[in-house]
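A.B. asks: This one is input-v3.pdb, PDB, C-alpha atoms and all ligand atoms.
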```pdb
ATOM      1  CA  MET A  14       6.032  10.736   4.137
ATOM      2  CA  SER A  15       6.361   8.739   7.319
ATOM      3  CA  LYS A  16       3.879   7.492   9.888
ATOM      4  CA  GLN A  17       1.201   9.758   8.597
ATOM      5  CA  THR A  18      -2.017   9.636   6.759
ATOM      6  CA  ARG A  19      -2.274  11.858   3.719
ATOM      7  CA  THR A  20      -5.922  12.589   3.300
ATOM      8  CA  LYS A  21      -8.572  15.213   3.689
ATOM      9  CA  LYS A  22     -11.049  14.686   6.536
ATOM     10  CA  PRO A  23     -13.926  12.580   5.206
ATOM     11  CA  ASP A  24     -16.995  14.743   4.653
ATOM     12  CA  PRO A  25     -20.046  12.750   5.852
ATOM     13  CA  GLN A  26     -22.302  14.866   3.589
ATOM     14  CA  ASN A  27     -20.322  13.947   0.510
ATOM     15  CA  SER A  28     -18.469  10.752   1.279
ATOM     16  CA  LYS A  29     -16.471   9.508  -1.657
ATOM     17  CA  PRO A  30     -15.383   5.886  -1.981
ATOM     18  CA  ARG A  31     -12.068   5.442  -0.185
ATOM     19  CA  ILE A  32      -8.970   3.481  -1.099
ATOM     20  CA  LEU A  33      -6.148   3.072   1.418
ATOM     21  CA  VAL A  34      -2.514   2.668   0.283
ATOM     22  CA  LEU A  35      -0.264   1.106   2.931
ATOM     23  CA  HIS A  36       3.534   1.152   2.858
ATOM     24  CA  GLY A  37       5.695  -0.946   5.152
ATOM     25  CA  PRO A  38       9.082  -0.419   6.788
ATOM     26  CA  ASN A  39      11.851   1.607   5.174
ATOM     27  CA  LEU A  40       9.722   2.704   2.237
ATOM     28  CA  ASN A  41       9.988   6.230   3.666
ATOM     29  CA  LEU A  42      13.548   6.083   2.255
ATOM     30  CA  LEU A  43      12.309   5.810  -1.333
ATOM     31  CA  GLY A  44      14.103   8.138  -3.692
ATOM     32  CA  ALA A  45      16.945   8.711  -1.248
ATOM     33  CA  ARG A  46      18.658   5.284  -1.128
ATOM     34  CA  GLU A  47      19.201   2.308  -3.475
ATOM     35  CA  PRO A  48      17.586   3.890  -6.582
ATOM     36  CA  GLU A  49      18.968   1.048  -8.715
ATOM     37  CA  ILE A  50      16.573  -1.330  -6.899
ATOM     38  CA  TYR A  51      13.671   0.864  -5.858
ATOM     39  CA  GLY A  52      13.743   3.754  -8.336
ATOM     40  CA  ARG A  53      14.004   7.509  -7.886
ATOM     41  CA  ASN A  54      10.415   8.390  -7.016
ATOM     42  CA  THR A  55       9.664   9.386  -3.439
ATOM     43  CA  LEU A  56       6.701   8.095  -1.447
ATOM     44  CA  GLU A  57       5.277  11.598  -1.538
ATOM     45  CA  SER A  58       5.383  11.718  -5.361
ATOM     46  CA  ILE A  59       3.799   8.247  -5.572
ATOM     47  CA  HIS A  60       1.034   9.406  -3.234
ATOM     48  CA  ARG A  61       0.410  12.614  -5.190
ATOM     49  CA  ALA A  62       0.104  10.691  -8.484
ATOM     50  CA  MET A  63      -2.336   8.184  -6.955
ATOM     51  CA  GLU A  64      -4.351  10.908  -5.243
ATOM     52  CA  ALA A  65      -4.776  12.667  -8.615
ATOM     53  CA  GLN A  66      -5.654   9.370 -10.332
ATOM     54  CA  GLY A  67      -8.393   8.780  -7.736
ATOM     55  CA  ARG A  68      -9.630  12.369  -7.717
ATOM     56  CA  ALA A  69     -10.199  12.210 -11.477
ATOM     57  CA  VAL A  70     -12.901   9.589 -10.867
ATOM     58  CA  GLY A  71     -14.224  10.885  -7.527
ATOM     59  CA  VAL A  72     -12.364   8.463  -5.263
ATOM     60  CA  GLN A  73     -10.411   9.493  -2.163
ATOM     61  CA  VAL A  74      -6.958   7.919  -2.005
ATOM     62  CA  GLU A  75      -5.271   7.953   1.371
ATOM     63  CA  SER A  76      -1.675   6.786   2.024
ATOM     64  CA  TYR A  77      -0.012   5.641   5.224
ATOM     65  CA  GLN A  78       3.559   4.491   5.869
ATOM     66  CA  SER A  79       4.902   2.984   9.053
ATOM     67  CA  ASN A  80       8.032   1.198  10.148
ATOM     68  CA  SER A  81       6.028  -0.522  12.872
ATOM     69  CA  GLU A  82       4.102  -3.758  12.382
ATOM     70  CA  GLY A  83       1.592  -2.898  15.139
ATOM     71  CA  GLU A  84       0.811   0.486  13.610
ATOM     72  CA  LEU A  85       0.127  -1.134  10.245
ATOM     73  CA  VAL A  86      -2.171  -3.683  11.924
ATOM     74  CA  ASP A  87      -3.981  -0.834  13.722
ATOM     75  CA  ARG A  88      -4.395   1.051  10.425
ATOM     76  CA  VAL A  89      -5.907  -2.016   8.731
ATOM     77  CA  GLN A  90      -8.341  -2.459  11.642
ATOM     78  CA  SER A  91      -9.381   1.214  11.498
ATOM     79  CA  ALA A  92      -9.942   0.942   7.751
ATOM     80  CA  ALA A  93     -12.824  -1.453   8.354
ATOM     81  CA  SER A  94     -14.727   0.967  10.600
ATOM     82  CA  GLU A  95     -13.965   3.871   8.221
ATOM     83  CA  GLY A  96     -15.600   2.113   5.296
ATOM     84  CA  VAL A  97     -12.465   1.817   3.192
ATOM     85  CA  GLN A  98     -13.467  -0.213   0.136
ATOM     86  CA  PHE A  99     -10.081  -1.384  -1.113
ATOM     87  CA  ILE A 100      -6.480  -1.562   0.127
ATOM     88  CA  ILE A 101      -3.271  -1.430  -1.899
ATOM     89  CA  ILE A 102      -0.348  -2.616   0.201
ATOM     90  CA  ASN A 103       3.392  -2.903  -0.122
ATOM     91  CA  PRO A 104       4.187  -4.686   3.140
ATOM     92  CA  ALA A 105       7.942  -4.330   2.387
ATOM     93  CA  ALA A 106       9.987  -6.697   4.589
ATOM     94  CA  TYR A 107       6.811  -7.677   6.471
ATOM     95  CA  THR A 108       5.809  -9.434   3.235
ATOM     96  CA  HIS A 109       8.119 -12.240   4.257
ATOM     97  CA  THR A 110       7.522 -12.281   8.019
ATOM     98  CA  SER A 111       4.196 -10.867   9.198
ATOM     99  CA  ILE A 112       1.447 -13.287  10.074
ATOM    100  CA  ALA A 113      -0.041 -10.471  12.206
ATOM    101  CA  LEU A 114      -0.547  -8.167   9.229
ATOM    102  CA  ARG A 115      -1.876 -11.017   7.102
ATOM    103  CA  ASP A 116      -4.349 -11.912   9.866
ATOM    104  CA  ALA A 117      -5.504  -8.282  10.097
ATOM    105  CA  LEU A 118      -6.202  -8.124   6.351
ATOM    106  CA  ALA A 119      -7.991 -11.455   6.458
ATOM    107  CA  ALA A 120     -10.050 -10.343   9.497
ATOM    108  CA  VAL A 121     -11.320  -7.093   7.988
ATOM    109  CA  ALA A 122     -11.998  -8.820   4.657
ATOM    110  CA  ILE A 123     -11.272  -5.651   2.666
ATOM    111  CA  PRO A 124     -10.065  -6.722  -0.792
ATOM    112  CA  PHE A 125      -6.432  -5.815  -1.407
ATOM    113  CA  ILE A 126      -3.708  -5.823  -4.035
ATOM    114  CA  GLU A 127      -0.094  -6.521  -3.032
ATOM    115  CA  VAL A 128       2.516  -4.336  -4.734
ATOM    116  CA  HIS A 129       6.311  -4.569  -4.791
ATOM    117  CA  LEU A 130       8.591  -2.148  -6.551
ATOM    118  CA  SER A 131      11.235  -4.771  -7.242
ATOM    119  CA  ASN A 132      10.767  -8.227  -8.706
ATOM    120  CA  ILE A 133      10.857 -10.253  -5.493
ATOM    121  CA  HIS A 134      11.260 -13.462  -7.523
ATOM    122  CA  SER A 135      14.536 -12.366  -9.086
ATOM    123  CA  ARG A 136      16.225 -11.511  -5.779
ATOM    124  CA  GLU A 137      17.301 -13.467  -2.685
ATOM    125  CA  SER A 138      15.342 -16.689  -2.126
ATOM    126  CA  PHE A 139      13.865 -15.450   1.202
ATOM    127  CA  ARG A 140      11.946 -12.796  -0.763
ATOM    128  CA  LYS A 141      10.105 -15.361  -2.877
ATOM    129  CA  HIS A 142       7.611 -16.203  -0.138
ATOM    130  CA  SER A 143       4.842 -13.755   0.721
ATOM    131  CA  TYR A 144       2.373 -14.140   3.582
ATOM    132  CA  PHE A 145      -0.112 -12.045   1.552
ATOM    133  CA  SER A 146      -0.211 -13.266  -2.038
ATOM    134  CA  ASP A 147      -2.603 -16.181  -1.543
ATOM    135  CA  ILE A 148      -5.295 -13.947  -0.003
ATOM    136  CA  ALA A 149      -4.696 -10.929  -2.284
ATOM    137  CA  VAL A 150      -6.960 -10.064  -5.217
ATOM    138  CA  GLY A 151      -3.747  -9.764  -7.215
ATOM    139  CA  VAL A 152      -0.014  -9.153  -6.957
ATOM    140  CA  ILE A 153       2.134  -6.720  -8.954
ATOM    141  CA  CYS A 154       5.911  -6.741  -8.681
ATOM    142  CA  GLY A 155       8.960  -5.552 -10.566
ATOM    143  CA  LEU A 156       7.374  -2.537 -12.282
ATOM    144  CA  GLY A 157       8.645   0.135  -9.903
ATOM    145  CA  SER A 158       6.286   2.948  -8.969
ATOM    146  CA  GLU A 159       4.166   2.200 -12.061
ATOM    147  CA  GLY A 160       2.975  -0.854 -10.128
ATOM    148  CA  TYR A 161       1.036   1.399  -7.734
ATOM    149  CA  GLU A 162      -0.740   3.155 -10.613
ATOM    150  CA  LEU A 163      -1.651  -0.181 -12.185
ATOM    151  CA  ALA A 164      -2.896  -1.471  -8.827
ATOM    152  CA  LEU A 165      -5.012   1.639  -8.357
ATOM    153  CA  ALA A 166      -6.513   1.282 -11.851
ATOM    154  CA  ALA A 167      -7.433  -2.316 -10.992
ATOM    155  CA  ALA A 168      -8.874  -1.287  -7.608
ATOM    156  CA  LEU A 169     -10.926   1.516  -9.181
ATOM    157  CA  ALA A 170     -12.400  -0.965 -11.634
ATOM    158  CA  ARG A 171     -13.466  -3.173  -8.739
ATOM    159  CA  ILE A 172     -14.973  -0.807  -6.160
ATOM    160  CA  ASN A 173     -18.635   0.107  -5.963
ATOM    161  CA  PRO A 174     -19.333   3.661  -7.043
ATOM    162  CA  THR A 175     -21.494   5.642  -4.567
TER     163      THR A 175
HETATM  164  O1  LIG B 201      10.260  -4.437  -3.837
HETATM  165  C1  LIG B 201       9.559  -4.064  -2.876
HETATM  166  O2  LIG B 201       8.704  -3.188  -2.974
HETATM  167  C2  LIG B 201       9.804  -4.662  -1.488
HETATM  168  O3  LIG B 201       8.545  -4.799  -0.837
HETATM  169  C3  LIG B 201      10.685  -3.686  -0.756
HETATM  170  C4  LIG B 201      11.153  -4.182   0.610
HETATM  171  C5  LIG B 201      11.736  -5.585   0.516
HETATM  172  O4  LIG B 201      12.017  -6.063   1.827
HETATM  173  C6  LIG B 201      10.791  -6.546  -0.173
HETATM  174  O5  LIG B 201      11.422  -7.810  -0.283
HETATM  175  C7  LIG B 201      10.439  -6.039  -1.566
HETATM  176  C8  LIG B 201      12.218  -3.245   1.164
HETATM  177  C9  LIG B 201      11.760  -1.837   1.316
HETATM  178  C10 LIG B 201      12.944  -0.991   1.621
HETATM  179  O6  LIG B 201      12.761   0.241   0.989
HETATM  180  C11 LIG B 201      13.852   0.995   0.714
HETATM  181  C12 LIG B 201      13.653   2.064  -0.113
HETATM  182  C13 LIG B 201      14.697   2.854  -0.456
HETATM  183  C14 LIG B 201      15.967   2.596   0.040
HETATM  184  C15 LIG B 201      16.151   1.519   0.885
HETATM  185  C16 LIG B 201      15.095   0.703   1.231
END
```
Rewrite the structure of this file - the entire thing - as structure tokens.

C.D. replies:
Amino acid sequence: MSKQTRTKKPDPQNSKPRILVLHGPNLNLLGAREPEIYGRNTLESIHRAMEAQGRAVGVQVESYQSNSEGELVDRVQSAASEGVQFIIINPAAYTHTSIALRDALAAVAIPFIEVHLSNIHSRESFRKHSYFSDIAVGVICGLGSEGYELALAAALARINPT
């Protein structure tokens, strides 16, 4: 899954609460490269599992991956006008560099959880700093793809049912 949104068109007659899952650069390679660090699950399989987890409780889970900082910023801005209630984000390398993406999340004021597949604190020192953690509801790292499911469970517990 790359540069695309996986979701059904929102039905205005029956609008479910929406959660947006954002994936940063190179995460489209999941499952194909470096499985010893990032695991064997693909982005598509992670999305399918989260979509089913949301569907079970009547919540629409949408996923979007981009290798471009500007596209991720644009997606965060659109989320506000679409009424997205919660964001789960793995900013990937932008974790350590992107003030623009941080500013977008702060501007829309949609609560978000930061997820990392690997334990960023046990790796190179430049990965220890995140531009997102201090404004996130919470941070999960080092639990592989399970981290997304845990983040979604936490988000589901925090959104307002319609
Ligand atoms: O552990 C994570 O989830 C990271 O956000 C992944 C980023 C890295 O820059 C962060 O420090 C921690 C890298 C994503 C690259 O994804 C790949 C996936 C498969 C193969 C190669 C790269």

A.B. asks: Mind telling me what the PyMOL selection byres (((not hetatm)) within 7 of (chain B and resi 201)) catches here, as a list in words?

C.D. replies: Pro38, Asn39, Leu40, Asn41, Leu42, Leu43, Gly44, Ala45, Arg46, Glu47, Pro48, Tyr51, Asn103, Pro104, Ala105, Ala106, Thr108, Val128, His129, Leu130, Ser131, Asn132, Ile133, Arg140, Cys154 and Gly155 of chain A

A.B. asks: Residues picked by the PyMOL selection byres (((chain A and resi 165) around 12) and not hetatm) here, as number ranges by chain?

C.D. replies: A: 31-34, 59-60, 62-68, 70, 72-75, 99-102, 125-128, 151-153, 158-164, 166-172

A.B. asks: What is the atom CA of Glu95 of chain A-atom CA of Asn54 of chain A distance in Å, reported with one decimal?

C.D. replies: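 Separating atom CA of Glu95 of chain A from atom CA of Asn54 of chain A is a distance of 29.1 Å.
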
A.B. asks: What is the atom CA of Ser135 of chain A-atom CA of His109 of chain A distance in Å, reported with one decimal?

C.D. replies: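 According to the coordinates, atom CA of Ser135 of chain A and atom CA of His109 of chain A are separated by 14.8 Å.
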
A.B. asks: Between atom CA of Gln78 of chain A and atom CA of His36 of chain A, what is the distance in Å, rounded to a tenth?

C.D. replies: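 Interatomic distance here is 4.5 Å.
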
A.B. asks: So that I can check the surroundings of Arg115 of chain A, please list as a ChimeraX atom specification every protein, DNA and RNA residue that reaches within 12 Å of it, counting all atoms listed in the file and ignoring chain neighbours fewer than 2 positions away.

C.D. replies: /A:82-83,85-86,89-90,102,104,107-113,117-123,125,127,143-149

A.B. asks: Using the file's own x, y and z axes, what box holds all listed atoms of segment 36-41 of chain A with 6 Å on each side, keeping edges along x, y and z, and what are its centre and edge lengths in Å to one decimal, as JSON?

C.D. replies:
```
{"center_x": 7.7, "center_y": 2.6, "center_z": 4.5, "size_x": 20.3, "size_y": 19.2, "size_z": 16.6}
```

A.B. asks: Looking at A:Ser91, A:Gln98, A:Ser58, A:Ser79, which one is nearest to Leu35 of chain A, with distances taken over all atoms listed in the file?

C.D. replies: A:Ser79

A.B. asks: Rank A:Leu56, A:Lys29, A:Asp116, A:Gly37 by their smallest atom-to-atom distance to Asn80 of chain A, using only C-alpha atoms, and report the top residue only.

C.D. replies: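 The answer is A:Gly37, which sits nearest to Asn80 of chain A.
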
A.B. asks: Kindly add all heavy atoms to the incomplete segment 35-46 of chain A and provide the output as a compact mmCIF listing (two decimals), in the frame of the given file.

C.D. replies:
```
# COMPACT_ATOMS: atom_id res chain seq x y z
N LEU A 35 -1.12 1.34 1.76
CA LEU A 35 -0.26 1.11 2.93
C LEU A 35 1.16 0.78 2.48
O LEU A 35 1.36 -0.02 1.56
CB LEU A 35 -0.81 -0.06 3.76
CG LEU A 35 -2.12 0.20 4.50
CD1 LEU A 35 -2.60 -1.09 5.17
CD2 LEU A 35 -1.93 1.30 5.54
N HIS A 36 2.12 1.38 3.17
CA HIS A 36 3.53 1.15 2.86
C HIS A 36 4.26 0.69 4.13
O HIS A 36 4.17 1.36 5.16
CB HIS A 36 4.20 2.44 2.39
CG HIS A 36 3.53 3.10 1.22
ND1 HIS A 36 3.75 2.71 -0.08
CD2 HIS A 36 2.66 4.14 1.15
CE1 HIS A 36 3.05 3.49 -0.90
NE2 HIS A 36 2.38 4.36 -0.18
N GLY A 37 5.00 -0.39 4.00
CA GLY A 37 5.70 -0.95 5.15
C GLY A 37 7.06 -0.33 5.42
O GLY A 37 7.40 0.73 4.88
N PRO A 38 7.85 -1.00 6.26
CA PRO A 38 9.08 -0.42 6.79
C PRO A 38 10.11 -0.07 5.73
O PRO A 38 10.30 -0.80 4.77
CB PRO A 38 9.62 -1.51 7.73
CG PRO A 38 8.89 -2.75 7.37
CD PRO A 38 7.57 -2.33 6.81
N ASN A 39 10.74 1.05 5.96
CA ASN A 39 11.85 1.61 5.17
C ASN A 39 11.42 2.24 3.85
O ASN A 39 12.25 2.85 3.19
CB ASN A 39 12.95 0.55 4.93
CG ASN A 39 13.61 0.12 6.22
OD1 ASN A 39 14.04 0.97 7.00
ND2 ASN A 39 13.64 -1.18 6.48
N LEU A 40 10.16 2.10 3.50
CA LEU A 40 9.72 2.70 2.24
C LEU A 40 9.70 4.23 2.32
O LEU A 40 9.63 4.90 1.29
CB LEU A 40 8.37 2.13 1.80
CG LEU A 40 8.49 0.68 1.28
CD1 LEU A 40 7.13 0.03 1.16
CD2 LEU A 40 9.22 0.63 -0.07
N ASN A 41 9.80 4.78 3.53
CA ASN A 41 9.99 6.23 3.67
C ASN A 41 11.33 6.69 3.08
O ASN A 41 11.53 7.87 2.82
CB ASN A 41 9.90 6.65 5.14
CG ASN A 41 10.84 5.88 6.03
OD1 ASN A 41 10.82 4.64 6.03
ND2 ASN A 41 11.68 6.55 6.79
N LEU A 42 12.23 5.73 2.82
CA LEU A 42 13.55 6.08 2.26
C LEU A 42 13.53 6.15 0.73
O LEU A 42 14.55 6.45 0.10
CB LEU A 42 14.61 5.04 2.68
CG LEU A 42 14.84 4.90 4.18
CD1 LEU A 42 15.84 3.78 4.45
CD2 LEU A 42 15.35 6.22 4.76
N LEU A 43 12.38 5.84 0.14
CA LEU A 43 12.31 5.81 -1.33
C LEU A 43 12.79 7.12 -1.94
O LEU A 43 12.43 8.20 -1.47
CB LEU A 43 10.86 5.59 -1.79
CG LEU A 43 10.37 4.17 -1.93
CD1 LEU A 43 8.96 4.19 -2.49
CD2 LEU A 43 11.30 3.36 -2.81
N GLY A 44 13.58 6.96 -2.99
CA GLY A 44 14.10 8.14 -3.69
C GLY A 44 15.41 8.62 -3.13
O GLY A 44 16.16 9.33 -3.81
N ALA A 45 15.72 8.22 -1.89
CA ALA A 45 16.94 8.71 -1.25
C ALA A 45 18.05 7.65 -1.20
O ALA A 45 19.23 7.99 -1.11
CB ALA A 45 16.62 9.17 0.18
N ARG A 46 17.68 6.38 -1.25
CA ARG A 46 18.66 5.28 -1.13
C ARG A 46 18.33 4.21 -2.16
O ARG A 46 17.18 4.02 -2.53
CB ARG A 46 18.57 4.62 0.25
CG ARG A 46 18.80 5.54 1.43
CD ARG A 46 20.26 5.48 1.87
NE ARG A 46 20.46 6.08 3.18
CZ ARG A 46 20.45 7.40 3.43
NH1 ARG A 46 20.22 8.23 2.46
NH2 ARG A 46 20.64 7.85 4.65
```
